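What follows is the content of work.pdb, which has PDB, C-alpha atoms:
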ATOM      1  CA  MET W   1     112.570 145.413  28.260
ATOM      2  CA  LEU W   2     110.541 148.645  28.286
ATOM      3  CA  LEU W   3     108.876 147.647  31.574
ATOM      4  CA  LEU W   4     112.285 147.019  33.142
ATOM      5  CA  LEU W   5     113.528 150.439  32.023
ATOM      6  CA  LEU W   6     110.399 152.116  33.411
ATOM      7  CA  ALA W   7     110.806 150.322  36.744
ATOM      8  CA  LEU W   8     114.453 151.366  36.963
ATOM      9  CA  ALA W   9     113.531 154.966  36.124
ATOM     10  CA  GLN W  10     110.942 155.006  38.920
ATOM     11  CA  ASP W  11     113.343 153.457  41.420
ATOM     12  CA  SER W  12     116.012 156.007  40.518
ATOM     13  CA  GLU W  13     113.880 158.589  42.340
ATOM     14  CA  VAL W  14     114.517 156.669  45.579
ATOM     15  CA  ARG W  15     117.831 157.791  47.114
ATOM     16  CA  PHE W  16     119.151 155.722  50.000
ATOM     17  CA  PRO W  17     122.750 156.809  50.610
ATOM     18  CA  ALA W  18     124.980 155.241  53.248
ATOM     19  CA  PRO W  19     128.449 155.991  54.592
ATOM     20  CA  GLU W  20     131.496 154.510  52.909
ATOM     21  CA  GLY W  21     132.061 150.904  53.919
ATOM     22  CA  TRP W  22     128.378 150.118  54.409
ATOM     23  CA  ARG W  23     127.085 147.208  52.327
ATOM     24  CA  SER W  24     123.908 147.425  50.220
ATOM     25  CA  GLU W  25     121.417 144.731  49.326
ATOM     26  CA  ARG W  26     118.067 144.697  47.524
ATOM     27  CA  ILE W  27     115.473 141.952  47.863
ATOM     28  CA  GLU W  28     112.336 141.824  45.720
ATOM     29  CA  PHE W  29     108.968 140.998  47.272
ATOM     30  CA  PRO W  30     107.921 138.331  47.953
ATOM     31  CA  ILE W  31     110.961 138.053  50.185
ATOM     32  CA  PRO W  32     112.276 134.466  49.986
ATOM     33  CA  PHE W  33     112.421 133.993  53.777
ATOM     34  CA  ALA W  34     109.090 135.756  54.453
ATOM     35  CA  LYS W  35     106.837 134.876  51.527
ATOM     36  CA  ASP W  36     103.753 135.478  53.660
ATOM     37  CA  LEU W  37     104.490 139.233  53.552
ATOM     38  CA  ASP W  38     102.009 139.881  50.799
ATOM     39  CA  TYR W  39     103.579 142.895  49.091
ATOM     40  CA  LYS W  40     104.931 143.826  45.695
ATOM     41  CA  GLY W  41     107.959 146.052  45.471
ATOM     42  CA  PHE W  42     111.325 145.678  47.153
ATOM     43  CA  GLU W  43     113.307 145.914  50.346
ATOM     44  CA  ASP W  44     116.565 147.876  50.307
ATOM     45  CA  LEU W  45     119.096 147.396  53.108
ATOM     46  CA  ARG W  46     122.277 149.130  54.279
ATOM     47  CA  PHE W  47     124.505 147.152  56.659
ATOM     48  CA  ALA W  48     127.113 148.666  58.983
ATOM     49  CA  PRO W  49     130.687 147.422  58.476
ATOM     50  CA  GLY W  50     130.515 145.640  61.863
ATOM     51  CA  MET W  51     127.104 144.090  61.222
ATOM     52  CA  PHE W  52     128.323 140.535  61.803
ATOM     53  CA  LYS W  53     131.088 141.296  64.329
ATOM     54  CA  PRO W  54     129.717 141.027  67.901
ATOM     55  CA  GLU W  55     132.629 143.037  69.318
ATOM     56  CA  ALA W  56     132.085 145.956  66.881
ATOM     57  CA  PRO W  57     130.426 149.207  68.018
ATOM     58  CA  ASP W  58     128.044 148.917  65.030
ATOM     59  CA  TYR W  59     127.249 145.218  65.480
ATOM     60  CA  PHE W  60     123.867 144.224  63.988
ATOM     61  CA  SER W  61     123.196 147.849  63.019
ATOM     62  CA  TYR W  62     121.469 148.529  59.727
ATOM     63  CA  ALA W  63     118.792 150.498  57.882
ATOM     64  CA  PHE W  64     116.074 149.143  55.655
ATOM     65  CA  LEU W  65     113.348 150.373  53.363
ATOM     66  CA  PHE W  66     110.146 148.631  52.311
ATOM     67  CA  TRP W  67     109.087 150.244  48.993
ATOM     68  CA  VAL W  68     105.654 148.731  48.452
ATOM     69  CA  GLU W  69     103.161 149.054  45.620
ATOM     70  CA  GLY W  70      99.797 150.345  46.834
ATOM     71  CA  SER W  71      98.782 151.010  50.399
ATOM     72  CA  MET W  72     100.498 149.498  53.434
ATOM     73  CA  SER W  73      98.874 149.718  56.857
ATOM     74  CA  LEU W  74     100.873 151.868  59.236
ATOM     75  CA  GLU W  75      98.989 150.835  62.350
ATOM     76  CA  PRO W  76     101.118 149.370  65.167
ATOM     77  CA  LYS W  77      99.337 145.978  65.171
ATOM     78  CA  SER W  78      99.792 145.599  61.400
ATOM     79  CA  LEU W  79     103.455 146.573  61.649
ATOM     80  CA  GLU W  80     103.914 144.079  64.491
ATOM     81  CA  LYS W  81     102.460 141.295  62.309
ATOM     82  CA  ASP W  82     104.653 142.261  59.350
ATOM     83  CA  LEU W  83     107.809 142.527  61.454
ATOM     84  CA  MET W  84     107.025 139.215  63.171
ATOM     85  CA  LYS W  85     106.704 137.455  59.794
ATOM     86  CA  TYR W  86     109.915 139.107  58.653
ATOM     87  CA  TYR W  87     112.099 138.331  61.694
ATOM     88  CA  LYS W  88     110.732 134.819  62.298
ATOM     89  CA  GLY W  89     111.298 134.043  58.637
ATOM     90  CA  LEU W  90     114.788 135.547  58.660
ATOM     91  CA  CYS W  91     115.899 133.766  61.841
ATOM     92  CA  GLY W  92     114.346 130.486  60.689
ATOM     93  CA  ALA W  93     115.997 130.576  57.260
ATOM     94  CA  VAL W  94     119.425 131.471  58.625
ATOM     95  CA  ALA W  95     119.154 128.903  61.428
ATOM     96  CA  LYS W  96     118.224 126.202  58.920
ATOM     97  CA  SER W  97     121.170 127.065  56.658
ATOM     98  CA  ARG W  98     123.527 126.972  59.663
ATOM     99  CA  LYS W  99     121.875 123.834  61.087
ATOM    100  CA  LEU W 100     120.968 125.622  64.343
ATOM    101  CA  ASP W 101     118.043 124.531  66.471
ATOM    102  CA  LEU W 102     116.315 127.791  67.436
ATOM    103  CA  ASP W 103     113.025 128.243  69.267
ATOM    104  CA  LEU W 104     111.320 130.764  66.968
ATOM    105  CA  SER W 105     108.340 131.005  69.342
ATOM    106  CA  LYS W 106     110.517 133.186  71.603
ATOM    107  CA  ILE W 107     110.707 135.930  68.987
ATOM    108  CA  SER W 108     108.482 138.872  69.903
ATOM    109  CA  VAL W 109     107.741 142.253  68.381
ATOM    110  CA  GLN W 110     106.374 145.360  70.057
ATOM    111  CA  VAL W 111     105.600 148.504  68.038
ATOM    112  CA  THR W 112     104.586 151.832  69.565
ATOM    113  CA  LYS W 113     103.286 154.727  67.505
ATOM    114  CA  GLN W 114     104.782 158.070  68.483
ATOM    115  CA  GLU W 115     102.540 161.104  68.941
ATOM    116  CA  LYS W 116     104.934 163.418  67.166
ATOM    117  CA  LYS W 117     105.152 162.995  63.403
ATOM    118  CA  GLY W 118     108.526 162.990  61.715
ATOM    119  CA  LYS W 119     109.991 163.594  58.279
ATOM    120  CA  LEU W 120     110.770 160.953  55.695
ATOM    121  CA  GLY W 121     112.181 162.064  52.381
ATOM    122  CA  GLY W 122     111.199 165.649  53.193
ATOM    123  CA  GLU W 123     107.537 164.820  53.811
ATOM    124  CA  GLU W 124     105.537 164.321  57.003
ATOM    125  CA  ALA W 125     105.520 160.698  58.174
ATOM    126  CA  GLU W 126     104.131 158.565  60.959
ATOM    127  CA  THR W 127     106.826 157.564  63.449
ATOM    128  CA  PHE W 128     107.199 154.421  65.526
ATOM    129  CA  GLN W 129     109.522 152.754  67.993
ATOM    130  CA  ALA W 130     109.873 148.978  67.981
ATOM    131  CA  ARG W 131     111.554 146.369  70.114
ATOM    132  CA  ILE W 132     112.327 142.958  68.657
ATOM    133  CA  GLU W 133     113.330 140.092  70.921
ATOM    134  CA  MET W 134     115.081 137.661  68.609
ATOM    135  CA  VAL W 135     118.191 135.537  68.149
ATOM    136  CA  ASP W 136     121.349 136.392  66.221
ATOM    137  CA  ALA W 137     121.115 133.342  63.972
ATOM    138  CA  PHE W 138     123.892 134.753  61.763
ATOM    139  CA  VAL W 139     126.828 134.736  64.200
ATOM    140  CA  THR W 140     126.335 134.089  67.909
ATOM    141  CA  GLY W 141     123.130 132.034  68.133
ATOM    142  CA  LYS W 142     122.364 134.087  71.267
ATOM    143  CA  PRO W 143     119.313 136.177  72.164
ATOM    144  CA  LEU W 144     119.374 139.709  70.822
ATOM    145  CA  THR W 145     117.209 142.731  71.604
ATOM    146  CA  LEU W 146     116.925 144.907  68.529
ATOM    147  CA  HIS W 147     115.691 148.511  68.808
ATOM    148  CA  LEU W 148     114.081 150.136  65.765
ATOM    149  CA  GLU W 149     113.020 153.628  64.826
ATOM    150  CA  LEU W 150     110.544 153.632  61.922
ATOM    151  CA  TRP W 151     108.971 156.199  59.607
ATOM    152  CA  GLY W 152     106.121 155.444  57.236
ATOM    153  CA  ARG W 153     104.066 157.352  54.681
ATOM    154  CA  PRO W 154     102.348 157.102  51.295
ATOM    155  CA  ALA W 155     104.705 157.891  48.428
ATOM    156  CA  ASP W 156     104.862 158.438  44.696
ATOM    157  CA  GLY W 157     101.442 160.091  44.449
ATOM    158  CA  LYS W 158     100.003 157.490  46.840
ATOM    159  CA  LYS W 159     100.802 154.735  44.324
ATOM    160  CA  ARG W 160     103.266 153.278  46.814
ATOM    161  CA  SER W 161     103.966 153.047  50.528
ATOM    162  CA  CYS W 162     107.297 153.693  52.131
ATOM    163  CA  LEU W 163     108.426 152.219  55.449
ATOM    164  CA  PHE W 164     111.934 153.187  56.522
ATOM    165  CA  ALA W 165     113.646 151.756  59.603
ATOM    166  CA  ILE W 166     116.948 152.002  61.409
ATOM    167  CA  ALA W 167     117.925 149.227  63.786
ATOM    168  CA  SER W 168     120.585 148.376  66.345
ATOM    169  CA  PRO W 169     120.915 146.443  69.602
ATOM    170  CA  LYS W 170     123.059 149.318  70.922
ATOM    171  CA  GLU W 171     121.761 151.860  73.442
ATOM    172  CA  LYS W 172     120.254 154.968  71.846
ATOM    173  CA  SER W 173     123.173 157.025  73.185
ATOM    174  CA  ALA W 174     125.687 154.984  71.129
ATOM    175  CA  ALA W 175     127.424 156.726  68.222
ATOM    176  CA  VAL W 176     125.976 154.284  65.687
ATOM    177  CA  TRP W 177     122.520 155.839  66.191
ATOM    178  CA  GLU W 178     123.824 159.201  64.981
ATOM    179  CA  THR W 179     125.087 157.470  61.833
ATOM    180  CA  LEU W 180     121.790 155.610  61.366
ATOM    181  CA  ARG W 181     119.763 158.810  61.780
ATOM    182  CA  GLY W 182     122.046 160.485  59.250
ATOM    183  CA  ILE W 183     121.228 157.728  56.763
ATOM    184  CA  GLN W 184     117.513 158.273  57.406
ATOM    185  CA  SER W 185     117.790 162.049  56.951
ATOM    186  CA  GLY W 186     119.580 161.543  53.607
ATOM    187  CA  PHE W 187     116.809 159.329  52.231
ATOM    188  CA  THR W 188     114.622 160.785  49.491
ATOM    189  CA  CYS W 189     111.707 159.467  47.467
ATOM    190  CA  PRO W 190     108.793 160.893  45.481
ATOM    191  CA  LYS W 191     105.953 162.569  47.434
TER     192      LYS W 191
END

Give the structure from the file, written as structure tokens.
Amino acid sequence: MLLLLLALAQDSEVRFPAPEGWRSERIEFPIPFAKDLDYKGFEDLRFAPGMFKPEAPDYFSYAFLFWVEGSMSLEPKSLEKDLMKYYKGLCGAVAKSRKLDLDLSKISVQVTKQEKKGKLGGEEAETFQARIEMVDAFVTGKPLTLHLELWGRPADGKKRSCLFAIASPKEKSAAVWETLRGIQSGFTCPK
């Protein structure tokens, strides 16, 4: 019981607000659909109200946080491997539950490190852009290009790593990106 209370106290220092109407979810590592992501900690997600509505202006738009014990590599190739495991696992699990026959070999991930550093939780962070070619296994079963902006840094006295991402298939000029960036700027966690 004491360990649970200590864990909750530590997690309470992580603030991940979202606008009204956005849905929250937390998944502990190992993530059931991507058990080969060898981390301890959790993933927190915030889903737009139109996440599963293809006609919505915020369709498939969401933010997520990997709060990982220890050090996580923030090199583009390592992030590509992690994101590939994550999205292949996610699409495969959802496709199986919906009895869809998807070709998971067509999923691809490209991560580019940005020269300019950014801010994450008030501290300097590495920044990345990513492009995921995947399938919307949840609703349409059709190909989907997902654009991500990512920030990563050590956290909590370097006892943890923090990777924060915002994602949408919408063009970067779409209003949903302003909302997503607002979520990112409201995120806080220990140094």

Exercise for the section: Using all atoms listed in the file, pick whichever of W:Ser168, W:Asp156, W:Gln129, W:Glu124 has the shortest atom-to-atom distance to Gly50 of chain W. Expected result: W:Ser168

Residue contacts of segment 99-106 of chain W (12 Å, all atoms listed in the file) excluding same-chain residues fewer than 3 positions away, as a PDB file with C-alpha atoms, in the coordinates of the input:
ATOM      1  CA  MET W  84     107.025 139.215  63.171  1.00  0.00           C
ATOM      2  CA  LYS W  85     106.704 137.455  59.794  1.00  0.00           C
ATOM      3  CA  TYR W  86     109.915 139.107  58.653  1.00  0.00           C
ATOM      4  CA  TYR W  87     112.099 138.331  61.694  1.00  0.00           C
ATOM      5  CA  LYS W  88     110.732 134.819  62.298  1.00  0.00           C
ATOM      6  CA  GLY W  89     111.298 134.043  58.637  1.00  0.00           C
ATOM      7  CA  LEU W  90     114.788 135.547  58.660  1.00  0.00           C
ATOM      8  CA  CYS W  91     115.899 133.766  61.841  1.00  0.00           C
ATOM      9  CA  GLY W  92     114.346 130.486  60.689  1.00  0.00           C
ATOM     10  CA  ALA W  93     115.997 130.576  57.260  1.00  0.00           C
ATOM     11  CA  VAL W  94     119.425 131.471  58.625  1.00  0.00           C
ATOM     12  CA  ALA W  95     119.154 128.903  61.428  1.00  0.00           C
ATOM     13  CA  LYS W  96     118.224 126.202  58.920  1.00  0.00           C
ATOM     14  CA  VAL W 109     107.741 142.253  68.381  1.00  0.00           C
ATOM     15  CA  ILE W 132     112.327 142.958  68.657  1.00  0.00           C
ATOM     16  CA  GLU W 133     113.330 140.092  70.921  1.00  0.00           C
ATOM     17  CA  MET W 134     115.081 137.661  68.609  1.00  0.00           C
ATOM     18  CA  VAL W 135     118.191 135.537  68.149  1.00  0.00           C
ATOM     19  CA  ASP W 136     121.349 136.392  66.221  1.00  0.00           C
ATOM     20  CA  ALA W 137     121.115 133.342  63.972  1.00  0.00           C
ATOM     21  CA  PHE W 138     123.892 134.753  61.763  1.00  0.00           C
ATOM     22  CA  VAL W 139     126.828 134.736  64.200  1.00  0.00           C
ATOM     23  CA  THR W 140     126.335 134.089  67.909  1.00  0.00           C
ATOM     24  CA  GLY W 141     123.130 132.034  68.133  1.00  0.00           C
ATOM     25  CA  LYS W 142     122.364 134.087  71.267  1.00  0.00           C
ATOM     26  CA  PRO W 143     119.313 136.177  72.164  1.00  0.00           C
ATOM     27  CA  LEU W 144     119.374 139.709  70.822  1.00  0.00           C
ATOM     28  CA  THR W 145     117.209 142.731  71.604  1.00  0.00           C
TER      29      THR W 145
END

Would you give me, as a Markdown table, each residue of segment 122-187 of chain W having an atom within 7 Å of an atom of segment 17-38 of chain W, along with its shortest atom pair and that distance in Å to one decimal, using all atoms listed in the file and sorting by chain and residue number?
| residue | atom | partner | partner_atom | distance |
| --- | --- | --- | --- | --- |
| W:Ile183 | CA | W:Ala18 | CA | 5.7 |
| W:Gly186 | CA | W:Pro17 | CA | 6.4 |
| W:Phe187 | CA | W:Pro17 | CA | 6.7 |

Please save C-alpha atoms of the selected residues as a compact mmCIF listing (two decimals), keeping the file's coordinate frame.
# COMPACT_ATOMS: atom_id res chain seq x y z
CA ILE W 183 121.23 157.73 56.76
CA GLY W 186 119.58 161.54 53.61
CA PHE W 187 116.81 159.33 52.23

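When all atoms listed in the file are used to compute distances to Gly70 of chain W, the closest of the residues W:Lys119, W:Arg131, W:Arg153, W:Arg15 turns out to be W:Arg153.
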
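Distances here use all atoms listed in the file; by that measure, the residue among W:Met51, W:Cys189, W:Leu83, W:Ala175 closest to Leu148 of chain W is W:Leu83.
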
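Nearest residue to Gly157 of chain W, choosing from W:Asp58, W:Glu69, W:Glu171, W:Glu43 and counting all atoms listed in the file: W:Glu69.
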
Problem - Picked residues, the PyMOL selection byres ((chain W and resi 111-113) around 6), expected as a list of chain:residue names - result: W:Pro76, W:Glu80, W:Gln110, W:Gln114, W:Phe128, W:Gln129, W:Ala130

Practice task
Would you kindly identify which residues have an atom no farther than 12 Å from (120.3, 158.9, 60.9), using all atoms listed in the file and the file's own coordinates, and write them out as a PyMOL selection string?
Solution key: chain W and resi 16-19+46+61-64+119-120+148-151+164-168+172+175-187

Exercise for the section: Please measure the separation of atom CA of His147 of chain W and atom CA of Ser108 of chain W, giving the value in Å to one decimal. Expected result: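 One can read the atom CA of His147 of chain W to atom CA of Ser108 of chain W distance as 12.1 Å.
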
Completion exercise
If you count only C-alpha atoms, the residue of W:Leu146, W:Leu65, W:Cys162, W:Leu74 closest to Glu123 of chain W turns out to be W:Cys162

Practice task
Could you tell me which of W:Gly152, W:Pro49, W:Lys81, W:Leu163 comes closest to Lys117 of chain W if we count all atoms listed in the file?
Solution key: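 Checking each of W:Gly152, W:Pro49, W:Lys81, W:Leu163 against Lys117 of chain W, counting all atoms listed in the file, the winner is W:Gly152.
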
Practice task
Have a look at atom CA of Phe47 of chain W and atom CA of Tyr59 of chain W and let me know their distance in Å, one decimal.
Solution key: 9.4 Å

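Relative to atom CA of Ser161 of chain W, atom CA of Gly121 of chain W is found at 12.3 Å.
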